>>> print(open('structure11.pdb').read())   # PDB, C-alpha atoms
ATOM      1  CA  MET A   1       0.000   0.000   0.000
ATOM      2  CA  SER A   2       1.236   3.491  -0.870
ATOM      3  CA  GLN A   3       1.639   6.244   1.691
ATOM      4  CA  PRO A   4      -1.651   8.182   2.101
ATOM      5  CA  VAL A   5      -2.054  11.554   0.370
ATOM      6  CA  ASP A   6      -3.910  14.693   1.352
ATOM      7  CA  LEU A   7      -5.151  15.581  -2.150
ATOM      8  CA  LEU A   8      -5.915  13.513  -5.246
ATOM      9  CA  CYS A   9      -6.641  15.323  -8.526
ATOM     10  CA  VAL A  10      -8.326  13.308 -11.296
ATOM     11  CA  ARG A  11      -7.898  15.004 -14.673
ATOM     12  CA  ALA A  12      -8.570  14.081 -18.296
ATOM     13  CA  HIS A  13      -5.346  14.866 -20.213
ATOM     14  CA  PRO A  14      -1.669  15.583 -19.652
ATOM     15  CA  ASP A  15      -1.445  19.378 -18.992
ATOM     16  CA  ASP A  16      -4.831  19.476 -17.174
ATOM     17  CA  GLU A  17      -2.981  18.816 -13.926
ATOM     18  CA  SER A  18      -1.083  22.079 -14.466
ATOM     19  CA  SER A  19      -3.649  24.323 -16.139
ATOM     20  CA  ALA A  20      -6.585  24.213 -13.724
ATOM     21  CA  THR A  21      -5.155  22.482 -10.644
ATOM     22  CA  GLY A  22      -1.474  23.390 -10.871
ATOM     23  CA  GLY A  23      -1.711  26.235  -8.381
ATOM     24  CA  LEU A  24      -3.548  24.037  -5.896
ATOM     25  CA  LEU A  25      -1.045  21.188  -6.211
ATOM     26  CA  ALA A  26       1.885  23.584  -5.845
ATOM     27  CA  LYS A  27       0.340  25.232  -2.789
ATOM     28  CA  LEU A  28      -0.182  21.953  -0.951
ATOM     29  CA  ALA A  29       3.295  20.689  -1.832
ATOM     30  CA  ALA A  30       4.751  23.939  -0.450
ATOM     31  CA  GLU A  31       2.844  23.246   2.765
ATOM     32  CA  GLY A  32       4.505  19.850   3.023
ATOM     33  CA  ARG A  33       1.401  17.885   2.057
ATOM     34  CA  ARG A  34       1.451  14.789  -0.152
ATOM     35  CA  THR A  35      -0.482  15.058  -3.414
ATOM     36  CA  ALA A  36      -1.419  12.661  -6.195
ATOM     37  CA  VAL A  37      -2.630  12.977  -9.783
ATOM     38  CA  ILE A  38      -4.580  10.583 -11.989
ATOM     39  CA  ILE A  39      -4.519  11.350 -15.730
ATOM     40  CA  CYS A  40      -7.215   9.439 -17.587
ATOM     41  CA  THR A  41      -5.958   9.610 -21.197
ATOM     42  CA  GLY A  42      -2.706   9.878 -23.107
ATOM     43  CA  GLY A  43      -3.693  13.088 -24.886
ATOM     44  CA  GLU A  44      -3.151  11.505 -28.311
ATOM     45  CA  GLU A  45      -5.480  13.981 -30.042
ATOM     46  CA  GLY A  46      -3.639  17.055 -28.774
ATOM     47  CA  GLU A  47      -1.803  19.612 -30.856
ATOM     48  CA  ILE A  48       1.931  19.795 -31.572
ATOM     49  CA  HIS A  49       3.419  23.260 -31.121
ATOM     50  CA  ASP A  50       6.936  22.225 -30.128
ATOM     51  CA  PRO A  51       9.180  23.770 -32.845
ATOM     52  CA  ASP A  52      11.737  21.006 -32.307
ATOM     53  CA  LEU A  53       9.274  18.343 -33.480
ATOM     54  CA  VAL A  54       8.181  17.425 -37.023
ATOM     55  CA  TYR A  55       4.416  16.868 -37.015
ATOM     56  CA  GLU A  56       4.363  13.857 -39.350
ATOM     57  CA  GLU A  57       7.005  12.067 -37.291
ATOM     58  CA  ALA A  58       5.792  13.125 -33.851
ATOM     59  CA  PHE A  59       2.015  12.729 -34.084
ATOM     60  CA  PRO A  60       1.998   8.883 -34.128
ATOM     61  CA  ARG A  61       3.918   8.918 -30.821
ATOM     62  CA  LEU A  62       2.268  11.985 -29.302
ATOM     63  CA  GLY A  63       0.924   9.982 -26.378
ATOM     64  CA  GLU A  64       4.431   8.948 -25.349
ATOM     65  CA  ILE A  65       5.742  12.503 -25.806
ATOM     66  CA  ARG A  66       2.981  13.920 -23.649
ATOM     67  CA  LYS A  67       3.664  11.297 -20.998
ATOM     68  CA  GLY A  68       7.205  12.633 -20.710
ATOM     69  CA  GLU A  69       5.900  16.199 -20.500
ATOM     70  CA  LEU A  70       3.475  15.130 -17.780
ATOM     71  CA  HIS A  71       6.211  13.585 -15.654
ATOM     72  CA  ALA A  72       8.307  16.741 -15.990
ATOM     73  CA  ALA A  73       5.360  18.946 -14.972
ATOM     74  CA  CYS A  74       4.556  16.779 -11.950
ATOM     75  CA  GLU A  75       8.163  17.077 -10.816
ATOM     76  CA  VAL A  76       7.810  20.867 -10.896
ATOM     77  CA  LEU A  77       4.561  20.633  -8.901
ATOM     78  CA  GLN A  78       6.171  18.135  -6.500
ATOM     79  CA  VAL A  79       3.363  15.638  -7.028
ATOM     80  CA  SER A  80       4.002  12.645  -4.778
ATOM     81  CA  GLU A  81       2.128  10.007  -6.806
ATOM     82  CA  LEU A  82       1.229   9.943 -10.514
ATOM     83  CA  TYR A  83      -1.066   7.436 -12.216
ATOM     84  CA  MET A  84      -2.271   7.097 -15.803
ATOM     85  CA  LEU A  85      -5.433   5.109 -16.499
ATOM     86  CA  GLY A  86      -4.330   4.363 -20.074
ATOM     87  CA  TYR A  87      -7.421   5.375 -22.046
ATOM     88  CA  ARG A  88      -7.188   7.024 -25.451
ATOM     89  CA  ASP A  89      -7.920  10.713 -25.939
ATOM     90  CA  SER A  90     -11.479  11.070 -27.300
ATOM     91  CA  GLY A  91     -10.827  14.369 -29.073
ATOM     92  CA  MET A  92     -13.222  17.293 -29.105
ATOM     93  CA  ALA A  93     -16.971  16.636 -29.011
ATOM     94  CA  GLY A  94     -18.411  15.678 -32.384
ATOM     95  CA  THR A  95     -15.110  14.594 -33.983
ATOM     96  CA  GLU A  96     -14.266  11.241 -35.545
ATOM     97  CA  SER A  97     -11.978  10.476 -32.628
ATOM     98  CA  ASN A  98     -15.068  10.038 -30.456
ATOM     99  CA  LYS A  99     -15.775   6.780 -32.342
ATOM    100  CA  HIS A 100     -12.430   5.144 -31.586
ATOM    101  CA  PRO A 101     -13.118   1.939 -29.605
ATOM    102  CA  GLU A 102     -10.367   2.799 -27.097
ATOM    103  CA  ALA A 103     -11.530   6.394 -26.626
ATOM    104  CA  PHE A 104     -12.158   7.289 -23.003
ATOM    105  CA  CYS A 105     -15.690   8.462 -23.767
ATOM    106  CA  ASN A 106     -16.566   4.885 -24.811
ATOM    107  CA  ALA A 107     -15.140   3.203 -21.729
ATOM    108  CA  ASP A 108     -17.289   1.058 -19.481
ATOM    109  CA  LEU A 109     -18.035   3.176 -16.419
ATOM    110  CA  ASP A 110     -17.616   0.328 -13.943
ATOM    111  CA  GLU A 111     -14.242  -0.452 -15.504
ATOM    112  CA  SER A 112     -12.932   3.133 -15.450
ATOM    113  CA  GLY A 113     -14.530   3.792 -12.074
ATOM    114  CA  GLY A 114     -13.027   0.580 -10.758
ATOM    115  CA  LYS A 115      -9.540   1.721 -11.785
ATOM    116  CA  VAL A 116     -10.052   5.008  -9.958
ATOM    117  CA  ALA A 117     -11.495   3.190  -6.945
ATOM    118  CA  ALA A 118      -8.458   0.911  -6.654
ATOM    119  CA  ILE A 119      -6.175   3.957  -6.581
ATOM    120  CA  ILE A 120      -8.407   5.688  -4.022
ATOM    121  CA  ARG A 121      -8.224   2.655  -1.744
ATOM    122  CA  ASP A 122      -4.464   2.549  -2.142
ATOM    123  CA  LEU A 123      -3.795   6.266  -1.588
ATOM    124  CA  ARG A 124      -6.646   6.979   0.883
ATOM    125  CA  PRO A 125      -6.839  10.703  -0.018
ATOM    126  CA  ARG A 126      -8.522  13.101   2.375
ATOM    127  CA  VAL A 127      -9.832  15.221  -0.524
ATOM    128  CA  ILE A 128     -10.433  14.588  -4.234
ATOM    129  CA  VAL A 129     -10.714  17.284  -6.922
ATOM    130  CA  THR A 130     -11.954  16.493 -10.431
ATOM    131  CA  ASP A 131     -13.892  17.915 -13.388
ATOM    132  CA  ASN A 132     -17.507  19.004 -13.088
ATOM    133  CA  GLU A 133     -20.371  17.100 -14.697
ATOM    134  CA  TRP A 134     -20.362  19.365 -17.783
ATOM    135  CA  GLY A 135     -16.699  18.704 -18.449
ATOM    136  CA  GLY A 136     -15.779  22.369 -18.069
ATOM    137  CA  TYR A 137     -16.640  23.239 -21.668
ATOM    138  CA  GLY A 138     -18.340  20.069 -22.825
ATOM    139  CA  HIS A 139     -15.253  18.007 -23.645
ATOM    140  CA  PRO A 140     -16.179  14.289 -23.601
ATOM    141  CA  ASP A 141     -12.997  13.299 -21.739
ATOM    142  CA  HIS A 142     -13.585  15.848 -18.994
ATOM    143  CA  ILE A 143     -17.172  14.650 -18.651
ATOM    144  CA  MET A 144     -15.938  11.054 -18.408
ATOM    145  CA  SER A 145     -13.280  12.109 -15.913
ATOM    146  CA  HIS A 146     -16.052  13.394 -13.656
ATOM    147  CA  ARG A 147     -18.223  10.318 -14.096
ATOM    148  CA  SER A 148     -15.330   7.901 -13.524
ATOM    149  CA  THR A 149     -14.258   9.746 -10.389
ATOM    150  CA  MET A 150     -17.742   9.756  -8.883
ATOM    151  CA  ARG A 151     -18.171   6.064  -9.692
ATOM    152  CA  GLY A 152     -14.716   5.436  -8.275
ATOM    153  CA  VAL A 153     -15.600   7.126  -4.986
ATOM    154  CA  GLU A 154     -18.758   5.021  -4.798
ATOM    155  CA  LEU A 155     -16.935   1.746  -5.468
ATOM    156  CA  ALA A 156     -14.014   2.565  -3.163
ATOM    157  CA  SER A 157     -16.375   2.845  -0.202
ATOM    158  CA  ASP A 158     -18.392  -0.271  -1.068
ATOM    159  CA  PRO A 159     -17.330  -3.288   1.025
ATOM    160  CA  LYS A 160     -18.891  -5.578  -1.584
ATOM    161  CA  ALA A 161     -16.775  -4.209  -4.463
ATOM    162  CA  ASP A 162     -14.221  -6.704  -5.770
ATOM    163  CA  LEU A 163     -11.215  -4.456  -5.142
ATOM    164  CA  PRO A 164      -7.938  -4.762  -3.238
ATOM    165  CA  SER A 165      -7.462  -3.085   0.153
ATOM    166  CA  ASP A 166     -10.091  -2.051   2.665
ATOM    167  CA  PRO A 167     -13.047   0.198   1.745
ATOM    168  CA  PHE A 168     -12.302   3.904   1.986
ATOM    169  CA  ARG A 169     -14.263   7.126   1.524
ATOM    170  CA  PRO A 170     -12.582  10.542   1.242
ATOM    171  CA  GLU A 171     -13.664  13.298   3.585
ATOM    172  CA  ARG A 172     -14.565  15.608   0.713
ATOM    173  CA  VAL A 173     -14.911  15.588  -3.080
ATOM    174  CA  TYR A 174     -14.793  18.833  -5.036
ATOM    175  CA  VAL A 175     -15.310  19.605  -8.721
ATOM    176  CA  MET A 176     -13.876  22.512 -10.668
ATOM    177  CA  ALA A 177     -16.425  25.340 -10.614
ATOM    178  CA  SER A 178     -17.407  26.831 -13.984
ATOM    179  CA  VAL A 179     -17.104  30.560 -13.387
ATOM    180  CA  PRO A 180     -16.397  33.266 -15.941
ATOM    181  CA  ARG A 181     -12.796  34.443 -15.762
ATOM    182  CA  ALA A 182     -12.151  38.163 -15.795
ATOM    183  CA  TRP A 183     -10.347  37.969 -19.135
ATOM    184  CA  SER A 184     -11.623  41.397 -20.138
ATOM    185  CA  GLU A 185      -9.897  42.802 -17.055
ATOM    186  CA  ILE A 186      -6.696  40.922 -17.923
ATOM    187  CA  MET A 187      -6.769  42.249 -21.497
ATOM    188  CA  GLU A 188      -7.331  45.757 -20.178
ATOM    189  CA  LEU A 189      -4.305  45.425 -17.897
ATOM    190  CA  MET A 190      -2.256  44.045 -20.791
ATOM    191  CA  SER A 191      -3.286  46.950 -23.015
ATOM    192  CA  GLU A 192      -2.278  49.442 -20.321
ATOM    193  CA  GLU A 193       1.204  47.932 -20.397
ATOM    194  CA  GLY A 194       1.380  47.970 -24.176
ATOM    195  CA  LEU A 195       1.099  44.192 -24.543
ATOM    196  CA  ASP A 196      -0.483  42.473 -27.541
ATOM    197  CA  THR A 197      -3.876  40.957 -26.643
ATOM    198  CA  SER A 198      -4.618  39.380 -30.041
ATOM    199  CA  LYS A 199      -3.522  35.862 -29.011
ATOM    200  CA  LEU A 200      -5.745  35.947 -25.954
ATOM    201  CA  GLU A 201      -8.687  37.246 -28.009
ATOM    202  CA  GLN A 202      -8.197  34.427 -30.539
ATOM    203  CA  ARG A 203      -8.118  31.846 -27.753
ATOM    204  CA  MET A 204     -11.303  33.232 -26.229
ATOM    205  CA  ASN A 205     -13.057  33.132 -29.615
ATOM    206  CA  ARG A 206     -11.988  29.510 -30.217
ATOM    207  CA  GLN A 207     -13.166  28.567 -26.745
ATOM    208  CA  ARG A 208     -16.579  30.108 -27.406
ATOM    209  CA  GLU A 209     -16.901  28.307 -30.751
ATOM    210  CA  ARG A 210     -16.148  24.857 -29.367
ATOM    211  CA  SER A 211     -17.907  25.214 -26.017
ATOM    212  CA  VAL A 212     -21.382  24.088 -25.158
ATOM    213  CA  GLU A 213     -23.551  26.318 -23.025
ATOM    214  CA  ILE A 214     -22.547  25.570 -19.455
ATOM    215  CA  PRO A 215     -24.691  26.758 -16.561
ATOM    216  CA  PRO A 216     -22.853  28.766 -13.884
ATOM    217  CA  THR A 217     -21.556  26.526 -11.123
ATOM    218  CA  PRO A 218     -21.919  27.495  -7.471
ATOM    219  CA  VAL A 219     -18.631  28.073  -5.673
ATOM    220  CA  THR A 220     -18.293  26.682  -2.167
ATOM    221  CA  LEU A 221     -14.543  27.213  -1.792
ATOM    222  CA  VAL A 222     -12.081  29.722  -3.215
ATOM    223  CA  VAL A 223      -8.435  28.817  -2.670
ATOM    224  CA  ASP A 224      -5.873  31.605  -2.997
ATOM    225  CA  VAL A 225      -2.980  30.178  -5.030
ATOM    226  CA  GLY A 226      -1.532  33.466  -6.289
ATOM    227  CA  GLU A 227       1.826  32.918  -4.578
ATOM    228  CA  HIS A 228       2.240  29.718  -6.578
ATOM    229  CA  SER A 229       1.326  31.063 -10.034
ATOM    230  CA  GLU A 230       4.973  30.998 -11.166
ATOM    231  CA  THR A 231       5.329  27.331 -10.202
ATOM    232  CA  ARG A 232       2.077  26.555 -11.996
ATOM    233  CA  MET A 233       3.363  28.324 -15.111
ATOM    234  CA  ARG A 234       6.696  26.479 -15.050
ATOM    235  CA  ALA A 235       4.775  23.212 -14.875
ATOM    236  CA  LEU A 236       2.465  24.196 -17.725
ATOM    237  CA  LEU A 237       5.416  25.148 -19.919
ATOM    238  CA  CYS A 238       6.712  21.581 -19.588
ATOM    239  CA  HIS A 239       3.899  20.700 -22.013
ATOM    240  CA  LYS A 240       5.809  22.071 -25.006
ATOM    241  CA  THR A 241       3.621  20.301 -27.559
ATOM    242  CA  GLN A 242       0.522  22.105 -26.293
ATOM    243  CA  ILE A 243       1.732  25.705 -26.001
ATOM    244  CA  GLN A 244       2.743  27.825 -28.980
ATOM    245  CA  PRO A 245       6.140  29.554 -28.717
ATOM    246  CA  ASP A 246       4.418  32.951 -29.066
ATOM    247  CA  SER A 247       1.504  32.024 -26.789
ATOM    248  CA  HIS A 248       0.128  34.719 -24.512
ATOM    249  CA  TRP A 249       0.820  32.309 -21.635
ATOM    250  CA  ARG A 250       4.529  32.687 -22.318
ATOM    251  CA  LEU A 251       4.331  36.450 -22.860
ATOM    252  CA  LEU A 252       2.130  37.365 -19.895
ATOM    253  CA  PRO A 253       4.203  39.078 -17.167
ATOM    254  CA  THR A 254       4.456  37.359 -13.790
ATOM    255  CA  HIS A 255       2.372  39.954 -11.957
ATOM    256  CA  LEU A 256      -0.491  39.510 -14.459
ATOM    257  CA  HIS A 257      -0.263  35.738 -14.093
ATOM    258  CA  ARG A 258      -0.896  36.281 -10.412
ATOM    259  CA  VAL A 259      -4.030  38.231 -11.273
ATOM    260  CA  ALA A 260      -5.270  35.737 -13.882
ATOM    261  CA  PHE A 261      -4.613  32.598 -11.834
ATOM    262  CA  ALA A 262      -4.821  33.796  -8.251
ATOM    263  CA  LYS A 263      -7.877  31.717  -7.356
ATOM    264  CA  THR A 264      -8.959  28.099  -7.659
ATOM    265  CA  ASN A 265     -12.766  27.920  -7.538
ATOM    266  CA  LEU A 266     -14.328  24.670  -6.327
ATOM    267  CA  LEU A 267     -17.761  23.202  -5.661
ATOM    268  CA  ARG A 268     -18.111  20.556  -2.952
ATOM    269  CA  VAL A 269     -20.226  17.615  -4.096
ATOM    270  CA  ILE A 270     -19.403  15.130  -1.297
ATOM    271  CA  PRO A 271     -20.795  15.753   1.193
ATOM    272  CA  PRO A 272     -23.226  17.865  -0.856
ATOM    273  CA  ALA A 273     -23.114  21.545  -0.003
ATOM    274  CA  THR A 274     -26.333  23.127   1.177
ATOM    275  CA  GLU A 275     -27.582  26.327  -0.430
ATOM    276  CA  ASP A 276     -25.227  29.258   0.217
ATOM    277  CA  GLU A 277     -22.844  27.025   2.217
ATOM    278  CA  LYS A 278     -19.169  27.982   2.010
ATOM    279  CA  ASP A 279     -16.017  26.172   3.097
ATOM    280  CA  GLU A 280     -13.184  28.054   4.738
ATOM    281  CA  ASP A 281     -10.541  25.468   3.877
ATOM    282  CA  LEU A 282      -9.976  22.574   1.483
ATOM    283  CA  PHE A 283      -9.815  20.168   4.407
ATOM    284  CA  PRO A 284     -12.492  19.795   7.070
ATOM    285  CA  PRO A 285     -11.508  20.756  10.602
ATOM    286  CA  VAL A 286      -9.852  17.985  12.556
ATOM    287  CA  THR A 287     -12.014  16.999  15.520
ATOM    288  CA  THR A 288     -10.455  15.438  18.551
ATOM    289  CA  GLY A 289     -12.313  13.478  21.149
ATOM    290  CA  ARG A 290     -11.680  13.543  24.882
TER     291      ARG A 290
END
>>> encode(input="structure11.pdb", output="structure tokens")
Amino acid sequence: MSQPVDLLCVRAHPDDESSATGGLLAKLAAEGRRTAVIICTGGEEGEIHDPDLVYEEAFPRLGEIRKGELHAACEVLQVSELYMLGYRDSGMAGTESNKHPEAFCNADLDESGGKVAAIIRDLRPRVIVTDNEWGGYGHPDHIMSHRSTMRGVELASDPKADLPSDPFRPERVYVMASVPRAWSEIMELMSEEGLDTSKLEQRMNRQRERSVEIPPTPVTLVVDVGEHSETRMRALLCHKTQIQPDSHWRLLPTHLHRVAFAKTNLLRVIPPATEDEKDEDLFPPVTTGR
């Protein structure tokens, strides 16, 4: 059995651990806490922006390349335990990749949930963070990441489940909250400093085009990770295939990164949050008996 962890993040693709949860992972590692990451797919349908790679040669082995990038990023974030479920990237919603028999979106839920459950029983995390039920912006792998995690939590706590180790249930499960980012404010700050905002505008337009309409998600916990934005960025830049050399992520000054990525917004789903309930900390208070 592995040493228990405080936080387990279950994400869909290599780079997701850094983009949305990188600040959180870096913060907990800086506090001396053990963290773990599960990546559900190999990211085989991702882009290739690394100028040192030739697309025709690199694309057939993109999954292996992204695995190396993932390990490098997790070293930066000081992730204690890293697991890959081994499913194939499903691609964006409505693409031919969705039909691949090994695509994550086509996986049997008890199978994928069982894999997550086995890791939960092994690591015994206090808190789990994963995607929300809408997959952030409707991506089939992010949706399946959520479903597999929730099924995994259910199976991990079931004494009748045919799994190794003793049943275990985390103290809390959170999902990433879908809240509008203040990109207009960021672009305004960039403009004031004479920085080019065209790349960010293009990204926002692409995001709108490929996104489904997602209802606003309640936020029960806001974690301040601003002090760890540089670590998060160093981890994200390990994913060279996914970030263009002239990306706004690379060009954004450190102090604006702190503004753009200062907060991690979460919704607690286990135990379910009551209306208007807010958490003060990621971890529940430790109660001690007499």
>>> resolve_selection(input="structure11.pdb", expression="the PyMOL selection byres ((chain A and resi 113-122) around 8)", output="list in words")
Met1, Ser2, Pro4, Leu85, Leu109, Asp110, Glu111, Ser112, Leu123, Arg124, Pro125, Arg147, Ser148, Thr149, Met150, Arg151, Gly152, Val153, Glu154, Leu155, Ala156, Leu163, Pro164, Ser165, Asp166, Pro167 and Phe168 of chain A
>>> residues_around(input="structure11.pdb", residues="Asn106 of chain A", least_positions_apart="5", cutoff="12 Å", atoms="all atoms listed in the file", output="MDAnalysis selection string")
chainID A and resid 87:91 97:101 111:112 140:141 143:145 148
>>> closest_residue(input="structure11.pdb", among="A:Val173, A:Val54, A:Leu62, A:Leu266", to="Leu24 of chain A", atoms="all atoms listed in the file")
A:Leu266
>>> closest_residue(input="structure11.pdb", among="A:Pro170, A:Leu252, A:Lys263, A:Thr231", to="Leu200 of chain A", atoms="only C-alpha atoms")
A:Leu252
>>> atom_distance(input="structure11.pdb", atom1="atom CA of Met84 of chain A", atom2="atom CA of Lys67 of chain A")
8.9 Å
>>> resolve_selection(input="structure11.pdb", expression="the PyMOL selection byres ((chain A and resi 196) around 12)", output="list in words")
Ile186, Met187, Glu188, Leu189, Met190, Ser191, Glu192, Glu193, Gly194, Leu195, Thr197, Ser198, Lys199, Leu200, Glu201, Gln202, Asp246, Ser247, His248, Trp249, Leu251, Leu252 and Pro253 of chain A
>>> build_atoms(input="structure11.pdb", residues="segment 52-74 of chain A", atoms="N, CA and C atoms", output="mmCIF file, keeping the file's coordinate frame")
data_model
loop_
_atom_site.group_PDB
_atom_site.id
_atom_site.type_symbol
_atom_site.label_atom_id
_atom_site.label_comp_id
_atom_site.auth_asym_id
_atom_site.auth_seq_id
_atom_site.Cartn_x
_atom_site.Cartn_y
_atom_site.Cartn_z
ATOM 1 N N ASP A 52 10.684 21.998 -32.112
ATOM 2 C CA ASP A 52 11.737 21.006 -32.307
ATOM 3 C C ASP A 52 11.204 19.682 -32.846
ATOM 4 N N LEU A 53 9.878 19.584 -33.000
ATOM 5 C CA LEU A 53 9.274 18.343 -33.480
ATOM 6 C C LEU A 53 8.708 18.511 -34.885
ATOM 7 N N VAL A 54 8.797 17.466 -35.692
ATOM 8 C CA VAL A 54 8.181 17.425 -37.023
ATOM 9 C C VAL A 54 6.837 16.717 -36.876
ATOM 10 N N TYR A 55 5.764 17.375 -37.270
ATOM 11 C CA TYR A 55 4.416 16.868 -37.015
ATOM 12 C C TYR A 55 4.235 15.436 -37.514
ATOM 13 N N GLU A 56 4.605 15.171 -38.760
ATOM 14 C CA GLU A 56 4.363 13.857 -39.350
ATOM 15 C C GLU A 56 5.091 12.748 -38.581
ATOM 16 N N GLU A 57 6.250 13.064 -38.041
ATOM 17 C CA GLU A 57 7.005 12.067 -37.291
ATOM 18 C C GLU A 57 6.508 11.952 -35.860
ATOM 19 N N ALA A 58 6.117 13.091 -35.273
ATOM 20 C CA ALA A 58 5.792 13.125 -33.851
ATOM 21 C C ALA A 58 4.361 12.688 -33.539
ATOM 22 N N PHE A 59 3.409 12.973 -34.428
ATOM 23 C CA PHE A 59 2.015 12.729 -34.084
ATOM 24 C C PHE A 59 1.726 11.263 -33.746
ATOM 25 N N PRO A 60 2.283 10.285 -34.486
ATOM 26 C CA PRO A 60 1.998 8.883 -34.128
ATOM 27 C C PRO A 60 2.474 8.494 -32.727
ATOM 28 N N ARG A 61 3.422 9.229 -32.170
ATOM 29 C CA ARG A 61 3.918 8.918 -30.821
ATOM 30 C C ARG A 61 3.621 10.049 -29.839
ATOM 31 N N LEU A 62 2.578 10.827 -30.142
ATOM 32 C CA LEU A 62 2.268 11.985 -29.302
ATOM 33 C C LEU A 62 1.935 11.560 -27.869
ATOM 34 N N GLY A 63 1.262 10.438 -27.721
ATOM 35 C CA GLY A 63 0.924 9.982 -26.378
ATOM 36 C C GLY A 63 2.162 9.780 -25.522
ATOM 37 N N GLU A 64 3.196 9.189 -26.098
ATOM 38 C CA GLU A 64 4.431 8.948 -25.349
ATOM 39 C C GLU A 64 5.155 10.264 -25.061
ATOM 40 N N ILE A 65 5.118 11.191 -26.020
ATOM 41 C CA ILE A 65 5.742 12.503 -25.806
ATOM 42 C C ILE A 65 5.050 13.235 -24.665
ATOM 43 N N ARG A 66 3.735 13.202 -24.680
ATOM 44 C CA ARG A 66 2.981 13.920 -23.649
ATOM 45 C C ARG A 66 3.154 13.263 -22.277
ATOM 46 N N LYS A 67 3.393 11.975 -22.265
ATOM 47 C CA LYS A 67 3.664 11.297 -20.998
ATOM 48 C C LYS A 67 4.939 11.851 -20.370
ATOM 49 N N GLY A 68 5.966 12.055 -21.213
ATOM 50 C CA GLY A 68 7.205 12.633 -20.710
ATOM 51 C C GLY A 68 7.008 14.051 -20.212
ATOM 52 N N GLU A 69 6.200 14.835 -20.931
ATOM 53 C CA GLU A 69 5.900 16.199 -20.500
ATOM 54 C C GLU A 69 5.164 16.196 -19.166
ATOM 55 N N LEU A 70 4.253 15.244 -19.015
ATOM 56 C CA LEU A 70 3.475 15.130 -17.780
ATOM 57 C C LEU A 70 4.385 14.841 -16.585
ATOM 58 N N HIS A 71 5.306 13.915 -16.751
ATOM 59 C CA HIS A 71 6.211 13.585 -15.654
ATOM 60 C C HIS A 71 7.061 14.797 -15.267
ATOM 61 N N ALA A 72 7.506 15.547 -16.279
ATOM 62 C CA ALA A 72 8.307 16.741 -15.990
ATOM 63 C C ALA A 72 7.488 17.775 -15.231
ATOM 64 N N ALA A 73 6.232 17.964 -15.634
ATOM 65 C CA ALA A 73 5.360 18.946 -14.972
ATOM 66 C C ALA A 73 5.078 18.535 -13.529
ATOM 67 N N CYS A 74 4.852 17.246 -13.310
ATOM 68 C CA CYS A 74 4.556 16.779 -11.950
ATOM 69 C C CYS A 74 5.770 16.904 -11.043
#
